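structure01.txt follows (compact mmCIF, C-alpha atoms and all ligand atoms):
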```txt
# COMPACT_ATOMS: atom_id res chain seq x y z
CA MET A 1 1.55 33.47 -0.80
CA THR A 2 4.83 32.72 0.88
CA ASP A 3 5.78 29.09 1.25
CA THR A 4 4.82 28.83 4.93
CA ASP A 5 1.33 30.17 4.15
CA ILE A 6 0.39 27.08 2.18
CA PHE A 7 0.36 24.64 5.09
CA GLY A 8 -2.67 23.59 7.07
CA LYS A 9 -5.35 25.50 5.14
CA GLN A 10 -8.29 24.10 3.25
CA VAL A 11 -8.40 26.48 0.28
CA PRO A 12 -8.88 26.00 -3.47
CA ILE A 13 -5.60 24.74 -4.96
CA LEU A 14 -4.60 24.12 -8.56
CA ILE A 15 -1.87 21.56 -9.16
CA ARG A 16 -0.32 21.98 -12.59
CA ASN A 17 2.09 20.00 -14.66
CA VAL A 18 1.82 16.63 -12.97
CA SER A 19 1.92 13.20 -14.52
CA LEU A 20 -1.31 11.38 -13.82
CA ASN A 21 -2.02 8.00 -15.40
CA GLY A 22 0.83 8.59 -17.85
CA LYS A 23 -0.34 12.03 -19.07
CA ILE A 24 0.59 15.55 -18.02
CA GLN A 25 -2.54 16.93 -16.35
CA GLU A 26 -3.91 19.46 -13.88
CA ILE A 27 -5.79 18.72 -10.66
CA TYR A 28 -8.07 21.22 -8.98
CA LEU A 29 -8.88 20.87 -5.28
CA ASP A 30 -12.11 22.71 -4.58
CA GLY A 31 -11.36 24.08 -1.09
CA THR A 32 -13.84 21.80 0.68
CA GLY A 33 -11.57 18.76 0.88
CA MET A 34 -12.65 17.30 -2.46
CA ILE A 35 -11.08 16.98 -5.89
CA GLY A 36 -13.06 19.39 -8.07
CA ALA A 37 -11.64 18.67 -11.51
CA VAL A 38 -8.93 16.76 -13.37
CA GLY A 39 -7.95 17.59 -16.93
CA GLU A 40 -5.33 18.74 -19.36
CA LYS A 41 -6.17 22.41 -18.87
CA ILE A 42 -8.41 23.64 -16.07
CA THR A 43 -9.39 27.25 -16.67
CA ASP A 44 -12.50 27.55 -14.53
CA HIS A 45 -11.05 27.80 -11.04
CA ASP A 46 -10.60 30.17 -8.14
CA ALA A 47 -7.36 28.70 -6.79
CA GLU A 48 -5.69 30.62 -3.99
CA PHE A 49 -2.56 28.63 -4.42
CA ILE A 50 -0.96 27.05 -7.48
CA ILE A 51 1.53 24.21 -7.24
CA ASP A 52 3.72 23.65 -10.28
CA GLY A 53 4.46 19.93 -10.16
CA ASP A 54 7.32 20.31 -12.66
CA GLY A 55 6.54 16.86 -14.06
CA ALA A 56 6.02 15.17 -10.66
CA THR A 57 3.99 11.98 -10.50
CA ALA A 58 0.58 12.34 -8.82
CA LEU A 59 -0.75 9.33 -6.92
CA PRO A 60 -3.58 8.80 -4.44
CA GLY A 61 -2.38 9.01 -0.83
CA MET A 62 -1.36 5.62 0.48
CA ILE A 63 -3.74 3.88 2.90
CA ASN A 64 -1.93 1.86 5.57
CA MET A 65 -4.52 -0.68 6.68
CA HIS A 66 -2.76 -2.25 9.65
CA THR A 67 -0.51 -0.53 12.11
CA HIS A 68 0.06 0.25 15.77
CA SER A 69 1.17 3.86 15.38
CA PRO A 70 2.73 4.51 18.82
CA MET A 71 5.01 1.48 18.42
CA GLY A 72 7.49 3.71 16.62
CA LEU A 73 8.75 4.44 20.14
CA LEU A 74 10.06 0.85 20.15
CA ARG A 75 11.58 0.96 16.67
CA GLY A 76 14.82 -1.01 16.83
CA TYR A 77 14.32 -1.86 20.50
CA ALA A 78 13.89 -5.63 20.01
CA ASP A 79 14.54 -7.29 16.67
CA ASP A 80 15.39 -10.72 15.32
CA MET A 81 13.11 -12.75 17.63
CA GLN A 82 10.16 -15.20 17.40
CA LEU A 83 6.77 -13.45 17.41
CA PHE A 84 5.49 -14.76 20.74
CA GLU A 85 8.83 -14.37 22.49
CA TRP A 86 9.16 -10.86 21.03
CA LEU A 87 5.69 -9.89 22.30
CA SER A 88 5.83 -11.56 25.70
CA THR A 89 9.41 -10.83 26.78
CA LYS A 90 10.09 -7.48 25.15
CA ILE A 91 7.07 -5.63 23.79
CA TRP A 92 4.28 -6.29 26.29
CA PRO A 93 6.45 -5.65 29.42
CA THR A 94 7.56 -2.31 27.97
CA GLU A 95 4.08 -1.37 26.74
CA ALA A 96 2.87 -1.80 30.34
CA HIS A 97 4.74 1.44 31.18
CA LEU A 98 3.29 3.57 28.39
CA THR A 99 1.69 6.82 29.53
CA GLU A 100 -0.79 8.92 27.59
CA ASP A 101 1.99 11.38 26.83
CA ASP A 102 4.24 8.59 25.45
CA ILE A 103 1.43 7.39 23.19
CA TYR A 104 0.71 10.92 22.01
CA TRP A 105 4.35 11.48 21.00
CA GLY A 106 4.63 8.00 19.49
CA ALA A 107 1.57 8.74 17.35
CA LYS A 108 2.93 12.20 16.45
CA LEU A 109 6.11 10.50 15.21
CA ALA A 110 4.08 7.96 13.22
CA CYS A 111 1.94 10.69 11.62
CA LEU A 112 5.10 12.59 10.73
CA GLU A 113 6.67 9.51 9.16
CA MET A 114 3.48 8.72 7.23
CA ILE A 115 3.10 12.26 5.90
CA ARG A 116 6.80 12.21 4.94
CA THR A 117 6.38 8.93 3.02
CA GLY A 118 3.04 9.63 1.33
CA THR A 119 0.43 7.96 3.54
CA THR A 120 -2.78 9.94 4.07
CA THR A 121 -4.89 7.36 5.96
CA PHE A 122 -4.09 4.63 8.45
CA ASN A 123 -6.02 1.94 10.31
CA ASP A 124 -4.66 1.77 13.83
CA MET A 125 -4.97 -0.62 16.77
CA TYR A 126 -3.50 0.25 20.15
CA PHE A 127 -4.19 1.55 23.66
CA LYS A 128 -5.11 5.03 24.99
CA MET A 129 -6.42 5.93 21.56
CA GLU A 130 -7.65 9.34 22.67
CA SER A 131 -3.97 10.37 22.67
CA VAL A 132 -3.57 8.98 19.15
CA GLY A 133 -6.75 10.85 18.17
CA ARG A 134 -5.27 14.12 19.38
CA ALA A 135 -2.09 13.47 17.36
CA VAL A 136 -4.06 12.62 14.19
CA ASP A 137 -6.30 15.65 14.62
CA GLU A 138 -3.25 17.92 14.82
CA ALA A 139 -1.26 16.19 12.06
CA GLY A 140 -4.03 16.59 9.47
CA ILE A 141 -4.14 13.01 8.23
CA ARG A 142 -7.00 10.52 8.36
CA ALA A 143 -7.25 7.47 10.60
CA CYS A 144 -9.54 4.80 11.96
CA LEU A 145 -8.56 4.30 15.60
CA SER A 146 -9.44 1.23 17.64
CA TYR A 147 -8.74 0.33 21.22
CA CYS A 148 -7.14 -3.13 21.37
CA MET A 149 -9.01 -5.52 23.66
CA ILE A 150 -6.93 -8.25 25.34
CA ASP A 151 -8.82 -10.16 28.07
CA GLY A 152 -6.82 -13.40 28.24
CA GLY A 153 -10.01 -15.36 28.97
CA ASP A 154 -10.68 -13.53 32.24
CA HIS A 155 -14.32 -12.41 32.62
CA ALA A 156 -13.61 -9.46 34.93
CA LYS A 157 -10.90 -8.26 32.55
CA PHE A 158 -13.33 -8.62 29.62
CA GLU A 159 -15.84 -6.39 31.43
CA SER A 160 -13.29 -3.66 32.08
CA GLU A 161 -11.92 -3.89 28.52
CA ALA A 162 -15.46 -3.57 27.08
CA ARG A 163 -16.02 -0.38 29.10
CA ILE A 164 -12.73 1.06 27.81
CA MET A 165 -13.77 0.15 24.26
CA GLU A 166 -17.06 2.04 24.66
CA SER A 167 -15.48 5.11 26.21
CA THR A 168 -12.78 5.18 23.52
CA VAL A 169 -15.41 5.22 20.75
CA LYS A 170 -17.30 7.96 22.57
CA ASN A 171 -14.17 10.05 23.13
CA ILE A 172 -12.96 9.70 19.53
CA ARG A 173 -16.40 10.80 18.34
CA SER A 174 -16.30 13.79 20.68
CA LEU A 175 -13.38 15.19 18.66
CA HIS A 176 -16.03 15.93 15.97
CA ASN A 177 -13.41 15.54 13.29
CA PRO A 178 -14.50 13.47 10.28
CA ARG A 179 -10.83 12.60 9.64
CA VAL A 180 -10.63 10.77 12.98
CA MET A 181 -12.90 7.72 12.94
CA PRO A 182 -13.49 5.13 15.66
CA GLY A 183 -13.18 1.37 15.25
CA VAL A 184 -13.21 -1.72 17.49
CA SER A 185 -10.32 -4.16 17.94
CA PRO A 186 -10.23 -7.53 19.60
CA HIS A 187 -6.47 -8.31 19.41
CA ALA A 188 -6.58 -11.93 18.15
CA VAL A 189 -8.12 -15.36 18.75
CA TYR A 190 -5.26 -16.29 21.13
CA THR A 191 -5.62 -13.24 23.41
CA VAL A 192 -9.40 -12.61 23.49
CA SER A 193 -12.13 -14.87 24.91
CA GLU A 194 -15.21 -16.06 23.06
CA GLU A 195 -17.36 -13.55 24.96
CA GLY A 196 -14.86 -10.79 24.13
CA LEU A 197 -14.87 -11.59 20.41
CA ALA A 198 -18.67 -11.86 20.30
CA TRP A 199 -19.13 -8.60 22.21
CA CYS A 200 -16.73 -6.71 19.92
CA ALA A 201 -18.57 -8.01 16.84
CA GLU A 202 -21.96 -7.04 18.17
CA TYR A 203 -20.75 -3.65 19.33
CA ALA A 204 -19.06 -2.82 15.99
CA LYS A 205 -22.24 -3.80 14.11
CA LYS A 206 -24.41 -1.74 16.45
CA GLU A 207 -22.17 1.32 16.06
CA GLN A 208 -21.62 0.62 12.35
CA ILE A 209 -17.86 1.00 12.64
CA PRO A 210 -14.98 -1.18 11.42
CA LEU A 211 -13.65 -4.10 13.43
CA HIS A 212 -9.88 -4.65 13.21
CA VAL A 213 -8.32 -7.97 14.27
CA HIS A 214 -5.11 -10.03 13.79
CA LEU A 215 -5.90 -13.29 11.99
CA SER A 216 -3.93 -16.43 11.15
CA GLU A 217 -0.55 -14.78 11.47
CA THR A 218 1.36 -17.90 12.50
CA GLU A 219 1.06 -21.66 12.08
CA GLN A 220 1.01 -21.95 15.88
CA GLU A 221 -2.05 -19.70 16.12
CA VAL A 222 -3.94 -22.01 13.74
CA ALA A 223 -2.85 -25.21 15.55
CA ASP A 224 -3.74 -23.78 18.97
CA CYS A 225 -7.16 -22.59 17.78
CA VAL A 226 -7.97 -25.99 16.30
CA ALA A 227 -6.85 -27.67 19.54
CA ALA A 228 -8.89 -25.31 21.73
CA HIS A 229 -12.06 -24.92 19.67
CA GLY A 230 -11.97 -27.60 16.97
CA MET A 231 -12.05 -24.85 14.34
CA ARG A 232 -9.49 -22.92 12.33
CA PRO A 233 -9.26 -19.20 13.28
CA PRO A 234 -11.57 -17.83 10.53
CA ALA A 235 -14.30 -20.37 11.42
CA TRP A 236 -13.87 -19.53 15.11
CA LEU A 237 -14.19 -15.80 14.40
CA ASP A 238 -17.25 -16.52 12.27
CA HIS A 239 -18.74 -18.57 15.11
CA CYS A 240 -18.30 -15.48 17.31
CA GLY A 241 -19.93 -13.20 14.69
CA VAL A 242 -16.69 -11.36 13.88
CA LEU A 243 -16.66 -11.95 10.11
CA PHE A 244 -18.79 -9.29 8.43
CA GLU A 245 -18.32 -6.59 5.80
CA GLN A 246 -16.60 -4.10 8.07
CA CYS A 247 -14.15 -6.68 9.44
CA ILE A 248 -10.51 -5.92 8.63
CA ALA A 249 -8.28 -8.93 9.30
CA ALA A 250 -4.53 -8.36 9.43
CA HIS A 251 -1.99 -10.94 8.22
CA CYS A 252 -4.13 -13.83 6.90
CA CYS A 253 -1.00 -15.84 6.11
CA TRP A 254 -2.07 -19.35 7.13
CA LEU A 255 -5.35 -19.70 5.24
CA ASP A 256 -6.60 -22.83 3.51
CA ALA A 257 -9.13 -22.95 0.65
CA GLY A 258 -12.08 -23.16 3.07
CA ASP A 259 -10.82 -20.13 5.03
CA ILE A 260 -10.53 -18.11 1.82
CA THR A 261 -14.06 -19.04 0.69
CA LEU A 262 -15.40 -18.01 4.10
CA LEU A 263 -13.62 -14.61 4.08
CA ALA A 264 -14.88 -13.96 0.53
CA LYS A 265 -18.43 -14.93 1.44
CA ARG A 266 -18.47 -12.62 4.46
CA GLY A 267 -16.94 -9.66 2.56
CA VAL A 268 -13.99 -9.40 4.96
CA THR A 269 -10.95 -7.28 4.04
CA ALA A 270 -7.63 -9.10 4.48
CA VAL A 271 -4.54 -6.98 5.09
CA HIS A 272 -1.18 -8.14 3.75
CA ASN A 273 1.79 -7.13 5.94
CA PRO A 274 4.69 -8.63 4.01
CA ILE A 275 7.61 -6.95 5.78
CA SER A 276 6.43 -7.81 9.30
CA ASN A 277 5.65 -11.38 8.20
CA MET A 278 9.07 -11.85 6.61
CA LYS A 279 10.92 -10.23 9.53
CA LEU A 280 9.12 -12.40 12.10
CA ALA A 281 9.64 -15.34 9.72
CA GLY A 282 6.06 -16.60 9.65
CA ASN A 283 7.13 -18.81 6.74
CA ARG A 284 3.93 -18.24 4.77
CA ALA A 285 2.70 -15.39 2.59
CA LEU A 286 -0.93 -14.29 2.37
CA PRO A 287 -2.33 -16.46 -0.46
CA TYR A 288 -2.92 -13.52 -2.81
CA PRO A 289 -3.54 -15.45 -6.07
CA GLU A 290 -6.29 -17.60 -4.54
CA MET A 291 -7.78 -14.68 -2.62
CA LYS A 292 -7.90 -12.55 -5.74
CA THR A 293 -9.67 -15.33 -7.63
CA ALA A 294 -12.12 -15.78 -4.74
CA GLY A 295 -12.84 -12.04 -4.74
CA VAL A 296 -11.50 -11.21 -1.25
CA ASN A 297 -10.77 -7.49 -0.79
CA VAL A 298 -7.02 -7.46 -0.05
CA ALA A 299 -5.42 -4.30 1.36
CA LEU A 300 -1.89 -3.46 2.49
CA GLY A 301 -0.36 -2.51 5.85
CA THR A 302 3.00 -2.08 7.50
CA ASP A 303 2.18 -3.41 11.00
CA GLY A 304 3.91 -1.49 13.80
CA ALA A 305 7.30 0.15 13.43
CA SER A 306 8.83 -2.28 15.91
CA SER A 307 8.24 -5.24 13.59
CA ASN A 308 8.79 -3.52 10.22
CA ASN A 309 10.65 -1.12 11.19
CA ALA A 310 9.13 1.64 9.09
CA LEU A 311 5.70 2.86 8.02
CA ASP A 312 6.74 3.40 4.40
CA MET A 313 4.02 2.08 2.10
CA PHE A 314 6.33 2.31 -0.92
CA SER A 315 8.70 -0.24 0.63
CA GLU A 316 5.62 -2.26 1.55
CA MET A 317 4.23 -2.25 -2.01
CA LYS A 318 7.53 -3.39 -3.44
CA THR A 319 7.95 -6.08 -0.81
CA ALA A 320 4.37 -7.31 -1.32
CA ALA A 321 4.83 -7.58 -5.07
CA ILE A 322 8.19 -9.35 -4.91
CA LEU A 323 7.31 -11.61 -1.96
CA GLN A 324 4.17 -12.80 -3.76
CA LYS A 325 6.13 -13.60 -6.91
CA PHE A 326 8.87 -15.38 -4.96
CA PHE A 327 6.60 -17.33 -2.62
CA TRP A 328 4.25 -18.56 -5.35
CA ASN A 329 7.15 -19.02 -7.77
CA ASP A 330 5.41 -16.97 -10.45
CA PRO A 331 6.56 -13.52 -11.62
CA THR A 332 3.10 -12.70 -12.98
CA VAL A 333 1.57 -12.67 -9.47
CA MET A 334 0.68 -9.21 -8.08
CA PRO A 335 1.65 -6.92 -10.95
CA ALA A 336 2.59 -3.34 -10.06
CA ALA A 337 -0.97 -2.08 -10.71
CA ASP A 338 -2.31 -4.57 -8.14
CA ALA A 339 0.25 -3.45 -5.56
CA LEU A 340 -0.86 0.16 -6.00
CA LYS A 341 -4.51 -0.83 -5.79
CA ILE A 342 -4.14 -2.77 -2.53
CA ALA A 343 -2.23 0.21 -1.09
CA SER A 344 -4.94 2.71 -1.97
CA GLN A 345 -8.39 1.85 -3.38
CA ASN A 346 -8.90 -1.40 -1.51
CA GLY A 347 -8.14 0.18 1.84
CA ALA A 348 -10.53 3.04 1.06
CA LYS A 349 -13.22 0.51 0.24
CA ALA A 350 -12.74 -1.29 3.56
CA LEU A 351 -13.04 1.96 5.53
CA GLY A 352 -15.97 3.23 3.45
CA LEU A 353 -13.93 6.22 2.28
CA ASN A 354 -14.44 7.98 -1.02
CA ALA A 355 -10.64 8.01 -1.49
CA GLY A 356 -7.87 5.99 -3.12
CA VAL A 357 -8.40 7.36 -6.65
CA ILE A 358 -7.62 10.78 -8.14
CA ALA A 359 -10.87 11.81 -9.81
CA PRO A 360 -13.46 14.59 -9.49
CA GLY A 361 -15.79 14.09 -6.53
CA ARG A 362 -13.23 12.05 -4.55
CA LEU A 363 -11.56 13.11 -1.32
CA ALA A 364 -8.56 15.34 -1.96
CA ASP A 365 -6.04 12.89 -0.45
CA LEU A 366 -3.10 12.76 -2.83
CA ILE A 367 0.66 12.89 -3.07
CA LEU A 368 3.29 14.07 -5.52
CA ILE A 369 6.60 12.41 -6.22
CA GLY A 370 8.94 15.07 -7.53
CA ARG A 371 11.38 14.42 -10.31
CA ASN A 372 14.20 12.25 -9.00
CA PRO A 373 16.59 9.67 -10.48
CA LEU A 374 14.30 6.74 -9.51
CA ASN A 375 11.62 8.19 -11.77
CA VAL A 376 13.70 8.35 -14.97
CA PRO A 377 12.95 7.17 -17.62
CA PHE A 378 9.21 7.16 -17.40
CA PHE A 379 7.81 4.12 -19.17
CA SER A 380 5.29 3.26 -16.46
CA THR A 381 3.92 5.19 -13.48
CA ASP A 382 2.92 1.97 -11.74
CA SER A 383 6.26 0.28 -12.24
CA ASN A 384 8.29 3.28 -11.09
CA ALA A 385 6.07 3.81 -8.05
CA VAL A 386 6.10 0.19 -6.92
CA TYR A 387 9.51 -1.15 -7.94
CA ALA A 388 11.78 1.90 -7.90
CA THR A 389 10.46 4.60 -5.59
CA SER A 390 11.09 5.00 -1.87
CA GLY A 391 8.63 6.83 0.38
CA LEU A 392 11.30 9.46 0.99
CA ALA A 393 10.96 10.45 -2.67
CA VAL A 394 7.46 11.78 -1.93
CA SER A 395 7.68 15.56 -2.15
CA THR A 396 4.13 16.76 -1.42
CA THR A 397 1.40 15.20 0.74
CA ILE A 398 -2.16 16.53 0.73
CA CYS A 399 -4.98 15.21 2.89
CA ASP A 400 -8.53 16.53 2.97
CA GLY A 401 -7.44 19.20 0.51
CA VAL A 402 -4.87 20.54 3.00
CA ILE A 403 -1.14 20.62 2.24
CA LEU A 404 0.70 18.74 5.00
CA MET A 405 4.08 18.52 3.29
CA HIS A 406 5.46 20.51 0.39
CA ASP A 407 8.87 20.05 -1.23
CA GLY A 408 9.74 17.71 1.63
CA VAL A 409 9.00 20.33 4.30
CA ILE A 410 6.63 19.51 7.19
CA PRO A 411 6.16 22.30 9.72
CA GLY A 412 7.10 21.21 13.25
CA ALA A 413 8.97 18.06 12.18
CA GLU A 414 12.10 18.81 14.24
CA GLU A 415 10.23 19.19 17.51
CA ILE A 416 8.35 15.94 16.98
CA MET A 417 11.53 13.97 16.24
CA ASN A 418 13.33 15.42 19.28
CA LYS A 419 10.46 14.88 21.65
CA ALA A 420 9.63 11.33 20.43
CA GLY A 421 13.29 10.33 20.79
CA ASP A 422 13.38 11.61 24.39
CA VAL A 423 10.07 9.97 25.30
CA ALA A 424 11.25 6.60 23.89
CA SER A 425 14.52 6.68 25.88
CA ASP A 426 12.66 7.52 29.03
CA LEU A 427 10.09 4.74 28.48
CA VAL A 428 12.76 2.08 28.02
CA ARG A 429 14.64 3.36 31.11
CA ARG A 430 11.47 3.16 33.25
CA ALA A 431 10.69 -0.35 31.96
CA ALA A 432 14.25 -1.52 32.74
CA GLN A 433 14.04 -0.22 36.33
CA ALA A 434 10.74 -1.98 37.04
O1 LIG A 501 2.48 -8.81 14.62
C1 LIG A 501 1.82 -8.70 15.66
N1 LIG A 501 1.03 -9.73 16.08
C2 LIG A 501 0.32 -9.68 17.22
N2 LIG A 501 0.32 -8.62 18.03
C3 LIG A 501 1.07 -7.56 17.67
C4 LIG A 501 1.83 -7.55 16.50
N3 LIG A 501 2.46 -6.36 16.42
C5 LIG A 501 2.09 -5.65 17.51
N4 LIG A 501 1.26 -6.38 18.27
C6 LIG A 501 0.64 -6.02 19.55
O2 LIG A 501 -0.73 -5.70 19.37
C7 LIG A 501 -1.13 -4.76 20.39
C8 LIG A 501 -1.66 -3.51 19.76
O3 LIG A 501 -2.90 -3.53 19.44
C9 LIG A 501 0.12 -4.40 21.15
O4 LIG A 501 0.22 -5.09 22.36
C10 LIG A 501 1.19 -4.77 20.16
O5 LIG A 501 2.44 -4.96 20.78
ZN ZN A 502 -0.22 -6.03 14.16
```
Translate this structure into structure tokens?
Ligand SMILES: O=c1[nH]cnc2c1ncn2[C@@H]1O[C@H](CO)[C@@H](O)[C@H]1O
Ligand SMILES: [Zn+2]
Amino acid sequence: MTDTDIFGKQVPILIRNVSLNGKIQEIYLDGTGMIGAVGEKITDHDAEFIIDGDGATALPGMINMHTHSPMGLLRGYADDMQLFEWLSTKIWPTEAHLTEDDIYWGAKLACLEMIRTGTTTFNDMYFKMESVGRAVDEAGIRACLSYCMIDGGDHAKFESEARIMESTVKNIRSLHNPRVMPGVSPHAVYTVSEEGLAWCAEYAKKEQIPLHVHLSETEQEVADCVAAHGMRPPAWLDHCGVLFEQCIAAHCCWLDAGDITLLAKRGVTAVHNPISNMKLAGNRALPYPEMKTAGVNVALGTDGASSNNALDMFSEMKTAAILQKFFWNDPTVMPAADALKIASQNGAKALGLNAGVIAPGRLADLILIGRNPLNVPFFSTDSNAVYATSGLAVSTTICDGVILMHDGVIPGAEEIMNKAGDVASDLVRRAAQA
């Protein structure tokens, strides 16, 4: 096969000479999107394509559990501001001008960036998600896509938002692509009414799909919720029925012991977004040590590329591990193996995906990090991956047994970068004229 033949096909593939869990091994992808075998020497195979890893590190594809993929169009557009001011004066007024085409190209850019930096699945919350669905379908990665409900306490707005939620789920399902999964998203306790939160919870349970929400991101959010409802945000969400096993709560910075016990009891997944939290200066880190002890499933996310400003899960893992140590004043908190686990297995668990681990019978979602100076010497895979590597060191990205990037090459990358850049300039120009 020539090099361009390898992209975009689900065929049996043998990956040789890769370092997996500290040993040189081979990985066989069975041609149906699954990992068929892992071992030192795989002889029984019908591979159509053989990748020689040349000593590359093999890792599960990263799972980005909280993002707003089209927000890459606003990367670098408004930085260095308070969260609410940033949203209300810069982001929301510009988002009001987004067309379906803008969102499609924003999502194409995000998929490109994620494939480039080793992410194979993301959990997304935004608007016009059919356009994101089309981008994900074409890009070849996996995603859970949720329309973001914001009703601002207005009943008529709630009704129209609920109808959009239902049609989004229906339209995502009509793609008939198991890689593109629907979810439900009420934005947060400060933007969605009680009836909106309760409806989203009931609807997600009825459809058996994940619910994705922002939770306890700032101290102000907690104070306002207590003032309005006499309850902290997790108790308020629980009152509305939102806390259940398929609930994925992003941020979870300002939690007290009672909040943590409640999230653990309900089986909620909490998503740490350390870079966004530090950039927006929330002044609190997700209480990882206590949450780990309580048994909360903690996953990792980047948040959108206008508050990060990248979707690179390797930067995110490093930041999570070092922020946790710094904030809790304890270098033993979140060892490298934990950072890798929250960036892979724990996200898979939350989405009900058989991914996040390289083993026979698992989804063939994996990445290779080719030999590079950040990977030498090689005392520990986990340490090199979390503390030294950048996402741009990822050389090969495979999702669903299909090669999406090889040796740093992604077909069509130039067009996506050009088009997304043009679309972003035009969006900001339109918003400025309004
Ligand atoms: O950190 C954040 N906190 C709260 N809202 C956010 C954050 N980042 C982005 N959005 C907003 O959430 C909606 C998408 O679902 C968008 O309006 C986006 O701007
Ligand atoms: Zn967010």
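In this model, the gap between CA of Arg179 (chain A) and CA of Ile358 (chain A) comes to 18.2 Å.
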List all protein, DNA and RNA residues that have at least one atom no more than 12 Å from any atom of ligand ZN 502 (chain A), counting only C-alpha atoms and all ligand atoms, and write them as an NGL selection string.
-> :A and (64-71 or 83 or 87 or 123-126 or 148 or 185-188 or 212-217 or 248-252 or 271-277 or 280 or 301-308)
Written selection (C-alpha atoms) as a PDB file, in the frame of the given file:
```pdb
ATOM      1  CA  ASN A  64      -1.930   1.860   5.570  1.00  0.00           C
ATOM      2  CA  MET A  65      -4.520  -0.680   6.680  1.00  0.00           C
ATOM      3  CA  HIS A  66      -2.760  -2.250   9.650  1.00  0.00           C
ATOM      4  CA  THR A  67      -0.510  -0.530  12.110  1.00  0.00           C
ATOM      5  CA  HIS A  68       0.060   0.250  15.770  1.00  0.00           C
ATOM      6  CA  SER A  69       1.170   3.860  15.380  1.00  0.00           C
ATOM      7  CA  PRO A  70       2.730   4.510  18.820  1.00  0.00           C
ATOM      8  CA  MET A  71       5.010   1.480  18.420  1.00  0.00           C
ATOM      9  CA  LEU A  83       6.770 -13.450  17.410  1.00  0.00           C
ATOM     10  CA  LEU A  87       5.690  -9.890  22.300  1.00  0.00           C
ATOM     11  CA  ASN A 123      -6.020   1.940  10.310  1.00  0.00           C
ATOM     12  CA  ASP A 124      -4.660   1.770  13.830  1.00  0.00           C
ATOM     13  CA  MET A 125      -4.970  -0.620  16.770  1.00  0.00           C
ATOM     14  CA  TYR A 126      -3.500   0.250  20.150  1.00  0.00           C
ATOM     15  CA  CYS A 148      -7.140  -3.130  21.370  1.00  0.00           C
ATOM     16  CA  SER A 185     -10.320  -4.160  17.940  1.00  0.00           C
ATOM     17  CA  PRO A 186     -10.230  -7.530  19.600  1.00  0.00           C
ATOM     18  CA  HIS A 187      -6.470  -8.310  19.410  1.00  0.00           C
ATOM     19  CA  ALA A 188      -6.580 -11.930  18.150  1.00  0.00           C
ATOM     20  CA  HIS A 212      -9.880  -4.650  13.210  1.00  0.00           C
ATOM     21  CA  VAL A 213      -8.320  -7.970  14.270  1.00  0.00           C
ATOM     22  CA  HIS A 214      -5.110 -10.030  13.790  1.00  0.00           C
ATOM     23  CA  LEU A 215      -5.900 -13.290  11.990  1.00  0.00           C
ATOM     24  CA  SER A 216      -3.930 -16.430  11.150  1.00  0.00           C
ATOM     25  CA  GLU A 217      -0.550 -14.780  11.470  1.00  0.00           C
ATOM     26  CA  ILE A 248     -10.510  -5.920   8.630  1.00  0.00           C
ATOM     27  CA  ALA A 249      -8.280  -8.930   9.300  1.00  0.00           C
ATOM     28  CA  ALA A 250      -4.530  -8.360   9.430  1.00  0.00           C
ATOM     29  CA  HIS A 251      -1.990 -10.940   8.220  1.00  0.00           C
ATOM     30  CA  CYS A 252      -4.130 -13.830   6.900  1.00  0.00           C
ATOM     31  CA  VAL A 271      -4.540  -6.980   5.090  1.00  0.00           C
ATOM     32  CA  HIS A 272      -1.180  -8.140   3.750  1.00  0.00           C
ATOM     33  CA  ASN A 273       1.790  -7.130   5.940  1.00  0.00           C
ATOM     34  CA  PRO A 274       4.690  -8.630   4.010  1.00  0.00           C
ATOM     35  CA  ILE A 275       7.610  -6.950   5.780  1.00  0.00           C
ATOM     36  CA  SER A 276       6.430  -7.810   9.300  1.00  0.00           C
ATOM     37  CA  ASN A 277       5.650 -11.380   8.200  1.00  0.00           C
ATOM     38  CA  LEU A 280       9.120 -12.400  12.100  1.00  0.00           C
ATOM     39  CA  GLY A 301      -0.360  -2.510   5.850  1.00  0.00           C
ATOM     40  CA  THR A 302       3.000  -2.080   7.500  1.00  0.00           C
ATOM     41  CA  ASP A 303       2.180  -3.410  11.000  1.00  0.00           C
ATOM     42  CA  GLY A 304       3.910  -1.490  13.800  1.00  0.00           C
ATOM     43  CA  ALA A 305       7.300   0.150  13.430  1.00  0.00           C
ATOM     44  CA  SER A 306       8.830  -2.280  15.910  1.00  0.00           C
ATOM     45  CA  SER A 307       8.240  -5.240  13.590  1.00  0.00           C
ATOM     46  CA  ASN A 308       8.790  -3.520  10.220  1.00  0.00           C
TER      47      ASN A 308
END
```
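Rounded to one decimal, CA of Leu29 (chain A) and CA of Glu415 (chain A) lie 29.8 Å from each other.
Going from CA of Gly106 (chain A) to CA of Ala420 (chain A) covers 6.1 Å.
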Shell of 12 Å around Gly61 (chain A), only C-alpha atoms, local chain residues under 6 positions omitted, as JSON, numbers by chain = {"A": [114, 115, 116, 117, 118, 119, 120, 121, 122, 141, 142, 312, 313, 314, 340, 341, 343, 344, 345, 347, 348, 355, 356, 357, 358, 362, 363, 364, 365, 366, 367, 368, 369, 391, 394, 396, 397, 398, 399, 400, 401, 404]}
Box dimensions and centre (Å, one decimal) enclosing ligand LIG 501 (chain A), axis-aligned, 3 Å extra per side, as lines of an AutoDock Vina configuration file:
```
center_x = -0.2
center_y = -6.6
center_z = 18.5
size_x = 11.4
size_y = 12.2
size_z = 13.7
```
Rank A:Met278, A:Met62, A:Val18, A:Leu262 by their smallest atom-to-atom distance to ligand LIG 501 (chain A), using all atoms listed in the file, and report the top residue only.
-> A:Met278
